[in-house]
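K.L.:
Got coords36.cif for you, mmCIF, N, CA and C atoms:
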data_start
#
loop_
_atom_site.label_atom_id
_atom_site.label_comp_id
_atom_site.auth_asym_id
_atom_site.auth_seq_id
_atom_site.Cartn_x
_atom_site.Cartn_y
_atom_site.Cartn_z
N MET A 132 42.93 -75.93 114.22
CA MET A 132 43.34 -75.42 112.94
C MET A 132 44.61 -76.16 112.54
N SER A 133 44.72 -76.54 111.27
CA SER A 133 45.92 -77.25 110.81
C SER A 133 46.47 -76.54 109.60
N ASN A 134 47.67 -76.93 109.21
CA ASN A 134 48.34 -76.30 108.08
C ASN A 134 48.13 -77.09 106.79
N GLY A 135 47.20 -77.98 106.77
CA GLY A 135 46.94 -78.78 105.58
C GLY A 135 47.70 -80.08 105.61
N GLY A 136 48.80 -80.14 106.37
CA GLY A 136 49.58 -81.35 106.50
C GLY A 136 49.21 -82.13 107.75
N GLY A 137 48.19 -81.67 108.44
CA GLY A 137 47.72 -82.38 109.62
C GLY A 137 48.26 -81.81 110.92
N ARG A 138 49.33 -81.00 110.86
CA ARG A 138 49.87 -80.43 112.10
C ARG A 138 49.10 -79.17 112.46
N ALA A 139 48.79 -79.03 113.71
CA ALA A 139 48.07 -77.84 114.17
C ALA A 139 49.04 -76.68 114.31
N TYR A 140 48.57 -75.49 114.02
CA TYR A 140 49.36 -74.30 114.28
C TYR A 140 49.35 -74.06 115.78
N ARG A 141 50.51 -74.10 116.38
CA ARG A 141 50.58 -73.98 117.83
C ARG A 141 50.38 -72.54 118.30
N SER A 142 50.85 -71.56 117.53
CA SER A 142 50.86 -70.20 118.05
C SER A 142 49.71 -69.33 117.56
N VAL A 143 48.84 -69.85 116.71
CA VAL A 143 47.69 -69.05 116.26
C VAL A 143 46.60 -69.14 117.32
N PRO A 144 46.20 -67.98 117.87
CA PRO A 144 45.12 -68.02 118.85
C PRO A 144 43.88 -68.68 118.25
N SER A 145 43.24 -69.52 119.05
CA SER A 145 42.13 -70.31 118.52
C SER A 145 40.94 -69.46 118.10
N ASP A 146 40.85 -68.21 118.56
CA ASP A 146 39.69 -67.39 118.20
C ASP A 146 39.92 -66.53 116.97
N VAL A 147 41.12 -66.54 116.38
CA VAL A 147 41.40 -65.66 115.25
C VAL A 147 40.58 -66.03 114.03
N LEU A 148 40.60 -67.29 113.64
CA LEU A 148 39.88 -67.70 112.43
C LEU A 148 38.37 -67.53 112.58
N PRO A 149 37.76 -67.98 113.70
CA PRO A 149 36.32 -67.74 113.85
C PRO A 149 35.99 -66.25 113.87
N ARG A 150 36.84 -65.45 114.50
CA ARG A 150 36.62 -63.99 114.52
C ARG A 150 36.66 -63.43 113.10
N MET A 151 37.63 -63.88 112.33
CA MET A 151 37.75 -63.42 110.95
C MET A 151 36.52 -63.83 110.13
N GLU A 152 36.07 -65.05 110.29
CA GLU A 152 34.87 -65.51 109.58
C GLU A 152 33.65 -64.69 109.98
N HIS A 153 33.53 -64.38 111.27
CA HIS A 153 32.43 -63.56 111.75
C HIS A 153 32.47 -62.16 111.12
N LEU A 154 33.65 -61.58 111.05
CA LEU A 154 33.79 -60.25 110.45
C LEU A 154 33.45 -60.25 108.96
N ILE A 155 33.83 -61.31 108.27
CA ILE A 155 33.52 -61.43 106.85
C ILE A 155 32.01 -61.50 106.65
N ARG A 156 31.34 -62.30 107.48
CA ARG A 156 29.87 -62.37 107.40
C ARG A 156 29.25 -61.01 107.68
N GLN A 157 29.75 -60.32 108.71
CA GLN A 157 29.24 -58.99 109.03
C GLN A 157 29.43 -58.03 107.86
N ARG A 158 30.59 -58.12 107.22
CA ARG A 158 30.87 -57.23 106.09
C ARG A 158 29.87 -57.46 104.96
N TYR A 159 29.59 -58.72 104.65
CA TYR A 159 28.60 -59.00 103.60
C TYR A 159 27.22 -58.48 103.98
N GLU A 160 26.86 -58.62 105.25
CA GLU A 160 25.57 -58.09 105.71
C GLU A 160 25.52 -56.57 105.57
N GLN A 161 26.62 -55.92 105.90
CA GLN A 161 26.68 -54.46 105.79
C GLN A 161 26.64 -54.02 104.32
N ILE A 162 27.23 -54.80 103.45
CA ILE A 162 27.18 -54.49 102.01
C ILE A 162 25.74 -54.56 101.52
N ASP A 163 25.01 -55.59 101.94
CA ASP A 163 23.59 -55.70 101.58
C ASP A 163 22.80 -54.52 102.13
N LEU A 164 23.07 -54.15 103.37
CA LEU A 164 22.40 -53.01 103.98
C LEU A 164 22.72 -51.72 103.23
N TYR A 165 23.98 -51.56 102.86
CA TYR A 165 24.39 -50.35 102.13
C TYR A 165 23.64 -50.23 100.80
N GLU A 166 23.49 -51.35 100.12
CA GLU A 166 22.76 -51.32 98.84
C GLU A 166 21.35 -50.79 99.05
N GLU A 167 20.68 -51.27 100.09
CA GLU A 167 19.33 -50.79 100.40
C GLU A 167 19.34 -49.31 100.76
N GLN A 168 20.29 -48.92 101.59
CA GLN A 168 20.36 -47.53 102.03
C GLN A 168 20.72 -46.58 100.88
N ALA A 169 21.58 -47.02 99.98
CA ALA A 169 21.95 -46.18 98.84
C ALA A 169 20.73 -45.96 97.94
N LEU A 170 19.93 -47.00 97.74
CA LEU A 170 18.70 -46.85 96.96
C LEU A 170 17.72 -45.91 97.66
N ALA A 171 17.58 -46.06 98.96
CA ALA A 171 16.69 -45.17 99.73
C ALA A 171 17.17 -43.73 99.64
N ALA A 172 18.48 -43.53 99.71
CA ALA A 172 19.03 -42.17 99.60
C ALA A 172 18.78 -41.58 98.22
N ALA A 173 18.91 -42.39 97.20
CA ALA A 173 18.64 -41.91 95.84
C ALA A 173 17.16 -41.55 95.67
N ARG A 174 16.29 -42.39 96.23
CA ARG A 174 14.85 -42.09 96.16
C ARG A 174 14.53 -40.80 96.92
N ALA A 175 15.10 -40.64 98.10
CA ALA A 175 14.86 -39.43 98.90
C ALA A 175 15.36 -38.19 98.17
N ASP A 176 16.48 -38.31 97.51
CA ASP A 176 17.03 -37.20 96.75
C ASP A 176 16.12 -36.84 95.58
N ALA A 177 15.61 -37.85 94.90
CA ALA A 177 14.71 -37.60 93.77
C ALA A 177 13.39 -36.98 94.24
N GLN A 178 12.88 -37.46 95.37
CA GLN A 178 11.64 -36.89 95.90
C GLN A 178 11.84 -35.43 96.29
N TYR A 179 12.95 -35.12 96.89
CA TYR A 179 13.27 -33.75 97.28
C TYR A 179 13.33 -32.86 96.03
N ASP A 180 14.09 -33.30 95.04
CA ASP A 180 14.23 -32.51 93.81
C ASP A 180 12.88 -32.29 93.13
N ALA A 181 12.07 -33.34 93.05
CA ALA A 181 10.76 -33.22 92.40
C ALA A 181 9.85 -32.25 93.16
N ALA A 182 9.82 -32.36 94.48
CA ALA A 182 8.97 -31.46 95.27
C ALA A 182 9.44 -30.02 95.15
N LYS A 183 10.74 -29.82 95.18
CA LYS A 183 11.29 -28.47 95.08
C LYS A 183 10.97 -27.86 93.72
N GLU A 184 11.14 -28.62 92.67
CA GLU A 184 10.85 -28.12 91.32
C GLU A 184 9.36 -27.85 91.14
N THR A 185 8.51 -28.70 91.73
CA THR A 185 7.06 -28.49 91.65
C THR A 185 6.67 -27.17 92.30
N ILE A 186 7.22 -26.90 93.47
CA ILE A 186 6.94 -25.65 94.17
C ILE A 186 7.45 -24.46 93.35
N LYS A 187 8.62 -24.58 92.81
CA LYS A 187 9.17 -23.48 92.00
C LYS A 187 8.28 -23.18 90.79
N MET A 188 7.85 -24.24 90.13
CA MET A 188 6.99 -24.05 88.95
C MET A 188 5.66 -23.43 89.36
N ARG A 189 5.08 -23.92 90.45
CA ARG A 189 3.81 -23.39 90.93
C ARG A 189 3.95 -21.91 91.27
N LYS A 190 5.01 -21.54 91.94
CA LYS A 190 5.23 -20.14 92.31
C LYS A 190 5.41 -19.27 91.07
N ARG A 191 6.13 -19.78 90.08
CA ARG A 191 6.37 -18.99 88.86
C ARG A 191 5.10 -18.86 88.02
N LEU A 192 4.38 -19.97 87.86
CA LEU A 192 3.23 -19.97 86.96
C LEU A 192 1.94 -19.47 87.60
N LEU A 193 1.68 -19.84 88.83
CA LEU A 193 0.40 -19.53 89.45
C LEU A 193 0.44 -18.34 90.41
N ASP A 194 1.56 -18.13 91.04
CA ASP A 194 1.63 -17.08 92.06
C ASP A 194 2.33 -15.81 91.58
N GLY A 195 2.76 -15.80 90.34
CA GLY A 195 3.33 -14.59 89.77
C GLY A 195 4.74 -14.23 90.22
N VAL A 196 5.47 -15.17 90.77
CA VAL A 196 6.85 -14.92 91.16
C VAL A 196 7.66 -14.70 89.88
N LYS A 197 8.43 -13.60 89.86
CA LYS A 197 9.11 -13.19 88.62
C LYS A 197 10.46 -13.86 88.40
N THR A 198 11.21 -14.12 89.47
CA THR A 198 12.57 -14.64 89.26
C THR A 198 12.68 -16.08 89.76
N ASN A 199 13.62 -16.76 89.16
CA ASN A 199 13.89 -18.13 89.58
C ASN A 199 14.47 -18.16 91.00
N ALA A 200 15.28 -17.16 91.34
CA ALA A 200 15.87 -17.10 92.69
C ALA A 200 14.78 -16.98 93.76
N GLU A 201 13.77 -16.16 93.49
CA GLU A 201 12.68 -16.02 94.45
C GLU A 201 11.87 -17.32 94.55
N ALA A 202 11.62 -17.95 93.42
CA ALA A 202 10.91 -19.24 93.42
C ALA A 202 11.71 -20.29 94.19
N GLU A 203 13.02 -20.25 94.02
CA GLU A 203 13.91 -21.18 94.75
C GLU A 203 13.79 -20.94 96.26
N THR A 204 13.76 -19.70 96.66
CA THR A 204 13.62 -19.37 98.08
C THR A 204 12.29 -19.88 98.63
N TRP A 205 11.21 -19.66 97.89
CA TRP A 205 9.91 -20.17 98.33
C TRP A 205 9.92 -21.69 98.45
N ALA A 206 10.56 -22.33 97.50
CA ALA A 206 10.61 -23.80 97.51
C ALA A 206 11.40 -24.31 98.72
N LYS A 207 12.50 -23.64 99.06
CA LYS A 207 13.34 -24.10 100.17
C LYS A 207 12.66 -23.97 101.53
N VAL A 208 11.69 -23.06 101.64
CA VAL A 208 11.01 -22.90 102.93
C VAL A 208 9.66 -23.62 102.99
N ASP A 209 9.27 -24.25 101.93
CA ASP A 209 8.02 -25.00 101.93
C ASP A 209 8.16 -26.17 102.91
N PRO A 210 7.17 -26.37 103.79
CA PRO A 210 7.28 -27.44 104.80
C PRO A 210 7.52 -28.84 104.21
N GLU A 211 6.88 -29.15 103.11
CA GLU A 211 7.08 -30.47 102.50
C GLU A 211 8.52 -30.62 102.01
N VAL A 212 9.04 -29.58 101.39
CA VAL A 212 10.41 -29.61 100.87
C VAL A 212 11.41 -29.69 102.03
N VAL A 213 11.15 -28.96 103.09
CA VAL A 213 12.02 -29.01 104.27
C VAL A 213 12.04 -30.42 104.83
N GLU A 214 10.88 -31.03 104.96
CA GLU A 214 10.78 -32.41 105.47
C GLU A 214 11.54 -33.38 104.57
N LEU A 215 11.38 -33.23 103.27
CA LEU A 215 12.08 -34.11 102.33
C LEU A 215 13.59 -33.88 102.36
N ASP A 216 14.00 -32.64 102.60
CA ASP A 216 15.43 -32.35 102.70
C ASP A 216 16.03 -33.02 103.93
N ILE A 217 15.30 -33.00 105.03
CA ILE A 217 15.76 -33.68 106.24
C ILE A 217 15.87 -35.19 105.99
N ALA A 218 14.83 -35.76 105.37
CA ALA A 218 14.85 -37.20 105.07
C ALA A 218 16.02 -37.54 104.14
N ARG A 219 16.28 -36.66 103.20
CA ARG A 219 17.38 -36.86 102.26
C ARG A 219 18.71 -36.88 103.00
N GLY A 220 18.89 -35.95 103.92
CA GLY A 220 20.13 -35.90 104.70
C GLY A 220 20.31 -37.11 105.60
N VAL A 221 19.21 -37.55 106.21
CA VAL A 221 19.28 -38.71 107.11
C VAL A 221 19.62 -39.97 106.33
N THR A 222 18.95 -40.20 105.21
CA THR A 222 19.22 -41.43 104.45
C THR A 222 20.63 -41.42 103.88
N ALA A 223 21.09 -40.27 103.43
CA ALA A 223 22.47 -40.19 102.92
C ALA A 223 23.47 -40.43 104.05
N GLY A 224 23.19 -39.90 105.24
CA GLY A 224 24.08 -40.10 106.38
C GLY A 224 24.14 -41.56 106.81
N LEU A 225 23.00 -42.23 106.81
CA LEU A 225 22.98 -43.65 107.16
C LEU A 225 23.80 -44.47 106.18
N ALA A 226 23.65 -44.17 104.90
CA ALA A 226 24.41 -44.90 103.88
C ALA A 226 25.91 -44.66 104.04
N LYS A 227 26.28 -43.41 104.32
CA LYS A 227 27.70 -43.10 104.50
C LYS A 227 28.26 -43.80 105.73
N ALA A 228 27.50 -43.83 106.82
CA ALA A 228 27.95 -44.52 108.04
C ALA A 228 28.14 -46.02 107.78
N THR A 229 27.24 -46.61 107.02
CA THR A 229 27.36 -48.03 106.69
C THR A 229 28.59 -48.28 105.82
N LEU A 230 28.84 -47.39 104.89
CA LEU A 230 30.03 -47.51 104.04
C LEU A 230 31.31 -47.44 104.89
N LEU A 231 31.32 -46.58 105.89
CA LEU A 231 32.47 -46.50 106.79
C LEU A 231 32.62 -47.78 107.62
N ARG A 232 31.49 -48.37 108.05
CA ARG A 232 31.55 -49.64 108.78
C ARG A 232 32.13 -50.74 107.88
N ILE A 233 31.73 -50.75 106.62
CA ILE A 233 32.26 -51.74 105.67
C ILE A 233 33.77 -51.59 105.55
N ASP A 234 34.24 -50.36 105.46
CA ASP A 234 35.68 -50.11 105.35
C ASP A 234 36.40 -50.54 106.62
N ASN A 235 35.83 -50.24 107.78
CA ASN A 235 36.44 -50.65 109.05
C ASN A 235 36.51 -52.17 109.17
N LEU A 236 35.45 -52.84 108.77
CA LEU A 236 35.46 -54.31 108.81
C LEU A 236 36.53 -54.87 107.88
N ALA A 237 36.66 -54.29 106.69
CA ALA A 237 37.68 -54.76 105.75
C ALA A 237 39.08 -54.58 106.34
N THR A 238 39.30 -53.48 107.02
CA THR A 238 40.60 -53.23 107.65
C THR A 238 40.88 -54.27 108.73
N GLU A 239 39.88 -54.55 109.55
CA GLU A 239 40.06 -55.54 110.61
C GLU A 239 40.29 -56.94 110.04
N ILE A 240 39.59 -57.25 108.97
CA ILE A 240 39.79 -58.56 108.31
C ILE A 240 41.21 -58.67 107.77
N ARG A 241 41.70 -57.61 107.14
CA ARG A 241 43.08 -57.63 106.63
C ARG A 241 44.09 -57.80 107.77
N MET A 242 43.84 -57.15 108.89
CA MET A 242 44.74 -57.26 110.04
C MET A 242 44.77 -58.71 110.55
N LEU A 243 43.61 -59.32 110.70
CA LEU A 243 43.56 -60.70 111.17
C LEU A 243 44.19 -61.65 110.16
N HIS A 244 43.99 -61.38 108.88
CA HIS A 244 44.62 -62.22 107.84
C HIS A 244 46.14 -62.12 107.94
N SER A 245 46.65 -60.92 108.15
CA SER A 245 48.09 -60.74 108.30
C SER A 245 48.61 -61.51 109.50
N LEU A 246 47.85 -61.49 110.59
CA LEU A 246 48.23 -62.24 111.78
C LEU A 246 48.28 -63.73 111.48
N LEU A 247 47.30 -64.24 110.78
CA LEU A 247 47.28 -65.66 110.43
C LEU A 247 48.47 -66.04 109.55
N VAL A 248 48.79 -65.19 108.57
CA VAL A 248 49.91 -65.46 107.67
C VAL A 248 51.22 -65.44 108.45
N LYS A 249 51.38 -64.46 109.33
CA LYS A 249 52.60 -64.36 110.14
C LYS A 249 52.77 -65.59 111.00
N GLU A 250 51.69 -66.00 111.66
CA GLU A 250 51.77 -67.17 112.52
C GLU A 250 52.04 -68.44 111.72
N ARG A 251 51.45 -68.55 110.54
CA ARG A 251 51.69 -69.72 109.70
C ARG A 251 53.16 -69.79 109.31
N ASP A 252 53.72 -68.64 108.92
CA ASP A 252 55.13 -68.60 108.54
C ASP A 252 56.04 -68.91 109.72
N THR A 253 55.68 -68.42 110.90
CA THR A 253 56.46 -68.71 112.10
C THR A 253 56.44 -70.21 112.39
N ASP A 254 55.26 -70.81 112.29
CA ASP A 254 55.15 -72.25 112.53
C ASP A 254 55.93 -73.04 111.49
N ARG A 255 55.90 -72.60 110.24
CA ARG A 255 56.63 -73.32 109.19
C ARG A 255 58.14 -73.25 109.47
N LEU A 256 58.63 -72.07 109.85
CA LEU A 256 60.05 -71.95 110.15
C LEU A 256 60.43 -72.78 111.36
N SER A 257 59.57 -72.80 112.37
CA SER A 257 59.83 -73.61 113.56
C SER A 257 59.88 -75.09 113.20
N ALA A 258 59.00 -75.52 112.31
CA ALA A 258 58.97 -76.93 111.90
C ALA A 258 60.22 -77.29 111.10
N GLN A 259 60.73 -76.36 110.30
CA GLN A 259 61.89 -76.64 109.47
C GLN A 259 63.20 -76.58 110.27
N HIS A 260 63.28 -75.62 111.18
CA HIS A 260 64.56 -75.37 111.86
C HIS A 260 64.51 -75.67 113.35
N GLY A 261 63.41 -76.10 113.83
CA GLY A 261 63.27 -76.38 115.26
C GLY A 261 62.95 -75.11 116.03
N PRO A 262 62.44 -75.26 117.23
CA PRO A 262 62.09 -74.08 118.02
C PRO A 262 63.33 -73.26 118.35
N ALA A 263 63.11 -71.97 118.50
CA ALA A 263 64.24 -71.06 118.76
C ALA A 263 64.71 -71.15 120.19
#
In structure tokens, what does this structure look like?
P.N.:
Amino acid sequence: MSNGGGRAYRSVPSDVLPRMEHLIRQRYEQIDLYEEQALAAARADAQYDAAKETIKMRKRLLDGVKTNAEAETWAKVDPEVVELDIARGVTAGLAKATLLRIDNLATEIRMLHSLLVKERDTDRLSAQHGPA
């Protein structure tokens, strides 16, 4: 690694820059994954809502259920709605976990960037004023 003037940074660990590049690539991959997971979570949420409303309407119109609260209760215990609710929770949880990984990667990238800047400044001062 050099400072642009051809001199190598003596005190920057040789694995910092490759590690930072690796983390940046990982972050972009996680962003792509999050986009897919967010769409899947939205689809799961829409499927859950549609199934629940279908059951509520069926109970009100065909089965003679008088109140919306009772129809809501029937919808919440319907096996298909329960299954969709579980899928909805899982997909939302996966998306949230990926979002947290993205944030953690960004934090680690900022930390490594700070280390590189500090080491660059230390090397510049050493070059200007000689070693301490």
K.L.:
DSSP on the backbone: what in chain A comes out alpha helix (DSSP H), as a ChimeraX atom specification?
P.N.:
/A:147-192,199-208,210-260
K.L.:
For this file, the PyMOL selection byres (((chain A and resi 176-184 and name CA) around 10) and name CA) selects which residues, as a tab-separated table (two decimals) with N, CA and C atoms, in the coordinates of the input?
P.N.:
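out.tsv was written with the following content:
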chain	number	residue	atom	x	y	z
A	170	LEU	N	19.93	-47.00	97.74
A	170	LEU	CA	18.70	-46.85	96.96
A	170	LEU	C	17.72	-45.91	97.66
A	171	ALA	N	17.58	-46.06	98.96
A	171	ALA	CA	16.69	-45.17	99.73
A	171	ALA	C	17.17	-43.73	99.64
A	172	ALA	N	18.48	-43.53	99.71
A	172	ALA	CA	19.03	-42.17	99.60
A	172	ALA	C	18.78	-41.58	98.22
A	173	ALA	N	18.91	-42.39	97.20
A	173	ALA	CA	18.64	-41.91	95.84
A	173	ALA	C	17.16	-41.55	95.67
A	174	ARG	N	16.29	-42.39	96.23
A	174	ARG	CA	14.85	-42.09	96.16
A	174	ARG	C	14.53	-40.80	96.92
A	175	ALA	N	15.10	-40.64	98.10
A	175	ALA	CA	14.86	-39.43	98.90
A	175	ALA	C	15.36	-38.19	98.17
A	185	THR	N	8.51	-28.70	91.73
A	185	THR	CA	7.06	-28.49	91.65
A	185	THR	C	6.67	-27.17	92.30
A	186	ILE	N	7.22	-26.90	93.47
A	186	ILE	CA	6.94	-25.65	94.17
A	186	ILE	C	7.45	-24.46	93.35
A	187	LYS	N	8.62	-24.58	92.81
A	187	LYS	CA	9.17	-23.48	92.00
A	187	LYS	C	8.28	-23.18	90.79
A	188	MET	N	7.85	-24.24	90.13
A	188	MET	CA	6.99	-24.05	88.95
A	188	MET	C	5.66	-23.43	89.36
A	189	ARG	N	5.08	-23.92	90.45
A	189	ARG	CA	3.81	-23.39	90.93
A	189	ARG	C	3.95	-21.91	91.27
A	190	LYS	N	5.01	-21.54	91.94
A	190	LYS	CA	5.23	-20.14	92.31
A	190	LYS	C	5.41	-19.27	91.07
A	202	ALA	N	11.62	-17.95	93.42
A	202	ALA	CA	10.91	-19.24	93.42
A	202	ALA	C	11.71	-20.29	94.19
A	203	GLU	N	13.02	-20.25	94.02
A	203	GLU	CA	13.91	-21.18	94.75
A	203	GLU	C	13.79	-20.94	96.26
A	204	THR	N	13.76	-19.70	96.66
A	204	THR	CA	13.62	-19.37	98.08
A	204	THR	C	12.29	-19.88	98.63
A	205	TRP	N	11.21	-19.66	97.89
A	205	TRP	CA	9.91	-20.17	98.33
A	205	TRP	C	9.92	-21.69	98.45
A	206	ALA	N	10.56	-22.33	97.50
A	206	ALA	CA	10.61	-23.80	97.51
A	206	ALA	C	11.40	-24.31	98.72
A	207	LYS	N	12.50	-23.64	99.06
A	207	LYS	CA	13.34	-24.10	100.17
A	207	LYS	C	12.66	-23.97	101.53
A	208	VAL	N	11.69	-23.06	101.64
A	208	VAL	CA	11.01	-22.90	102.93
A	208	VAL	C	9.66	-23.62	102.99
A	209	ASP	N	9.27	-24.25	101.93
A	209	ASP	CA	8.02	-25.00	101.93
A	209	ASP	C	8.16	-26.17	102.91
A	211	GLU	N	6.88	-29.15	103.11
A	211	GLU	CA	7.08	-30.47	102.50
A	211	GLU	C	8.52	-30.62	102.01
A	212	VAL	N	9.04	-29.58	101.39
A	212	VAL	CA	10.41	-29.61	100.87
A	212	VAL	C	11.41	-29.69	102.03
A	213	VAL	N	11.15	-28.96	103.09
A	213	VAL	CA	12.02	-29.01	104.27
A	213	VAL	C	12.04	-30.42	104.83
A	214	GLU	N	10.88	-31.03	104.96
A	214	GLU	CA	10.78	-32.41	105.47
A	214	GLU	C	11.54	-33.38	104.57
A	215	LEU	N	11.38	-33.23	103.27
A	215	LEU	CA	12.08	-34.11	102.33
A	215	LEU	C	13.59	-33.88	102.36
A	216	ASP	N	14.00	-32.64	102.60
A	216	ASP	CA	15.43	-32.35	102.70
A	216	ASP	C	16.03	-33.02	103.93
A	217	ILE	N	15.30	-33.00	105.03
A	217	ILE	CA	15.76	-33.68	106.24
A	217	ILE	C	15.87	-35.19	105.99
A	218	ALA	N	14.83	-35.76	105.37
A	218	ALA	CA	14.85	-37.20	105.07
A	218	ALA	C	16.02	-37.54	104.14
A	219	ARG	N	16.28	-36.66	103.20
A	219	ARG	CA	17.38	-36.86	102.26
A	219	ARG	C	18.71	-36.88	103.00
A	220	GLY	N	18.89	-35.95	103.92
A	220	GLY	CA	20.13	-35.90	104.70
A	220	GLY	C	20.31	-37.11	105.60
A	222	THR	N	18.95	-40.20	105.21
A	222	THR	CA	19.22	-41.43	104.45
A	222	THR	C	20.63	-41.42	103.88
A	223	ALA	N	21.09	-40.27	103.43
A	223	ALA	CA	22.47	-40.19	102.92
A	223	ALA	C	23.47	-40.43	104.05
K.L.:
For the atom pair CA of Leu154 (chain A) and CA of Val221 (chain A), what is the interatomic distance in Å to one decimal place?
P.N.:
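That distance, rounded to one decimal, is 26.2 Å.
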K.L.:
I need the residue nearest Ala237 (chain A) from this list: A:Val147, A:Arg158, A:Leu225, A:Lys197. Use only N, CA and C atoms for the distance.
P.N.:
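That would be A:Arg158, the residue with the smallest distance to Ala237 (chain A).
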K.L.:
Going by the chain IDs and residue numbers used in this file, which residues fall under the PyMOL selection byres (((chain A and resi 155 and name CA) around 12) and name CA)? Write them as number ranges by chain.
P.N.:
A: 148-154, 156-162, 233-241, 243-244
K.L.:
Would you mind completing region 152-168 of chain A so that it carries N, CA, C and O atoms, and writing it out as an mmCIF file, in the frame of the given file?
P.N.:
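Saved as rebuild_7.cif:
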data_model
loop_
_atom_site.group_PDB
_atom_site.id
_atom_site.type_symbol
_atom_site.label_atom_id
_atom_site.label_comp_id
_atom_site.auth_asym_id
_atom_site.auth_seq_id
_atom_site.Cartn_x
_atom_site.Cartn_y
_atom_site.Cartn_z
ATOM 1 N N GLU A 152 36.070 -65.050 110.290
ATOM 2 C CA GLU A 152 34.870 -65.510 109.580
ATOM 3 C C GLU A 152 33.650 -64.690 109.980
ATOM 4 O O GLU A 152 32.842 -64.317 109.118
ATOM 5 N N HIS A 153 33.530 -64.380 111.270
ATOM 6 C CA HIS A 153 32.430 -63.560 111.750
ATOM 7 C C HIS A 153 32.470 -62.160 111.120
ATOM 8 O O HIS A 153 31.441 -61.638 110.671
ATOM 9 N N LEU A 154 33.650 -61.580 111.050
ATOM 10 C CA LEU A 154 33.790 -60.250 110.450
ATOM 11 C C LEU A 154 33.450 -60.250 108.960
ATOM 12 O O LEU A 154 32.853 -59.310 108.442
ATOM 13 N N ILE A 155 33.830 -61.310 108.270
ATOM 14 C CA ILE A 155 33.520 -61.430 106.850
ATOM 15 C C ILE A 155 32.010 -61.500 106.650
ATOM 16 O O ILE A 155 31.454 -60.824 105.780
ATOM 17 N N ARG A 156 31.340 -62.300 107.480
ATOM 18 C CA ARG A 156 29.870 -62.370 107.400
ATOM 19 C C ARG A 156 29.250 -61.010 107.680
ATOM 20 O O ARG A 156 28.325 -60.578 106.983
ATOM 21 N N GLN A 157 29.750 -60.320 108.710
ATOM 22 C CA GLN A 157 29.240 -58.990 109.030
ATOM 23 C C GLN A 157 29.430 -58.030 107.860
ATOM 24 O O GLN A 157 28.553 -57.221 107.566
ATOM 25 N N ARG A 158 30.590 -58.120 107.220
ATOM 26 C CA ARG A 158 30.870 -57.230 106.090
ATOM 27 C C ARG A 158 29.870 -57.460 104.960
ATOM 28 O O ARG A 158 29.359 -56.512 104.381
ATOM 29 N N TYR A 159 29.590 -58.720 104.650
ATOM 30 C CA TYR A 159 28.600 -59.000 103.600
ATOM 31 C C TYR A 159 27.220 -58.480 103.980
ATOM 32 O O TYR A 159 26.492 -57.960 103.145
ATOM 33 N N GLU A 160 26.860 -58.620 105.250
ATOM 34 C CA GLU A 160 25.570 -58.090 105.710
ATOM 35 C C GLU A 160 25.520 -56.570 105.570
ATOM 36 O O GLU A 160 24.506 -56.001 105.155
ATOM 37 N N GLN A 161 26.620 -55.920 105.900
ATOM 38 C CA GLN A 161 26.680 -54.460 105.790
ATOM 39 C C GLN A 161 26.640 -54.020 104.320
ATOM 40 O O GLN A 161 26.061 -52.977 103.999
ATOM 41 N N ILE A 162 27.230 -54.800 103.450
ATOM 42 C CA ILE A 162 27.180 -54.490 102.010
ATOM 43 C C ILE A 162 25.740 -54.560 101.520
ATOM 44 O O ILE A 162 25.272 -53.674 100.793
ATOM 45 N N ASP A 163 25.010 -55.590 101.940
ATOM 46 C CA ASP A 163 23.590 -55.700 101.580
ATOM 47 C C ASP A 163 22.800 -54.520 102.130
ATOM 48 O O ASP A 163 21.961 -53.937 101.420
ATOM 49 N N LEU A 164 23.070 -54.150 103.370
ATOM 50 C CA LEU A 164 22.400 -53.010 103.980
ATOM 51 C C LEU A 164 22.720 -51.720 103.230
ATOM 52 O O LEU A 164 21.836 -50.901 102.981
ATOM 53 N N TYR A 165 23.980 -51.560 102.860
ATOM 54 C CA TYR A 165 24.390 -50.350 102.130
ATOM 55 C C TYR A 165 23.640 -50.230 100.800
ATOM 56 O O TYR A 165 23.228 -49.141 100.417
ATOM 57 N N GLU A 166 23.490 -51.350 100.120
ATOM 58 C CA GLU A 166 22.760 -51.320 98.840
ATOM 59 C C GLU A 166 21.350 -50.790 99.050
ATOM 60 O O GLU A 166 20.868 -49.944 98.276
ATOM 61 N N GLU A 167 20.680 -51.270 100.090
ATOM 62 C CA GLU A 167 19.330 -50.790 100.400
ATOM 63 C C GLU A 167 19.340 -49.310 100.760
ATOM 64 O O GLU A 167 18.487 -48.537 100.311
ATOM 65 N N GLN A 168 20.290 -48.920 101.590
ATOM 66 C CA GLN A 168 20.360 -47.530 102.030
ATOM 67 C C GLN A 168 20.720 -46.580 100.880
ATOM 68 O O GLN A 168 20.207 -45.464 100.819
#
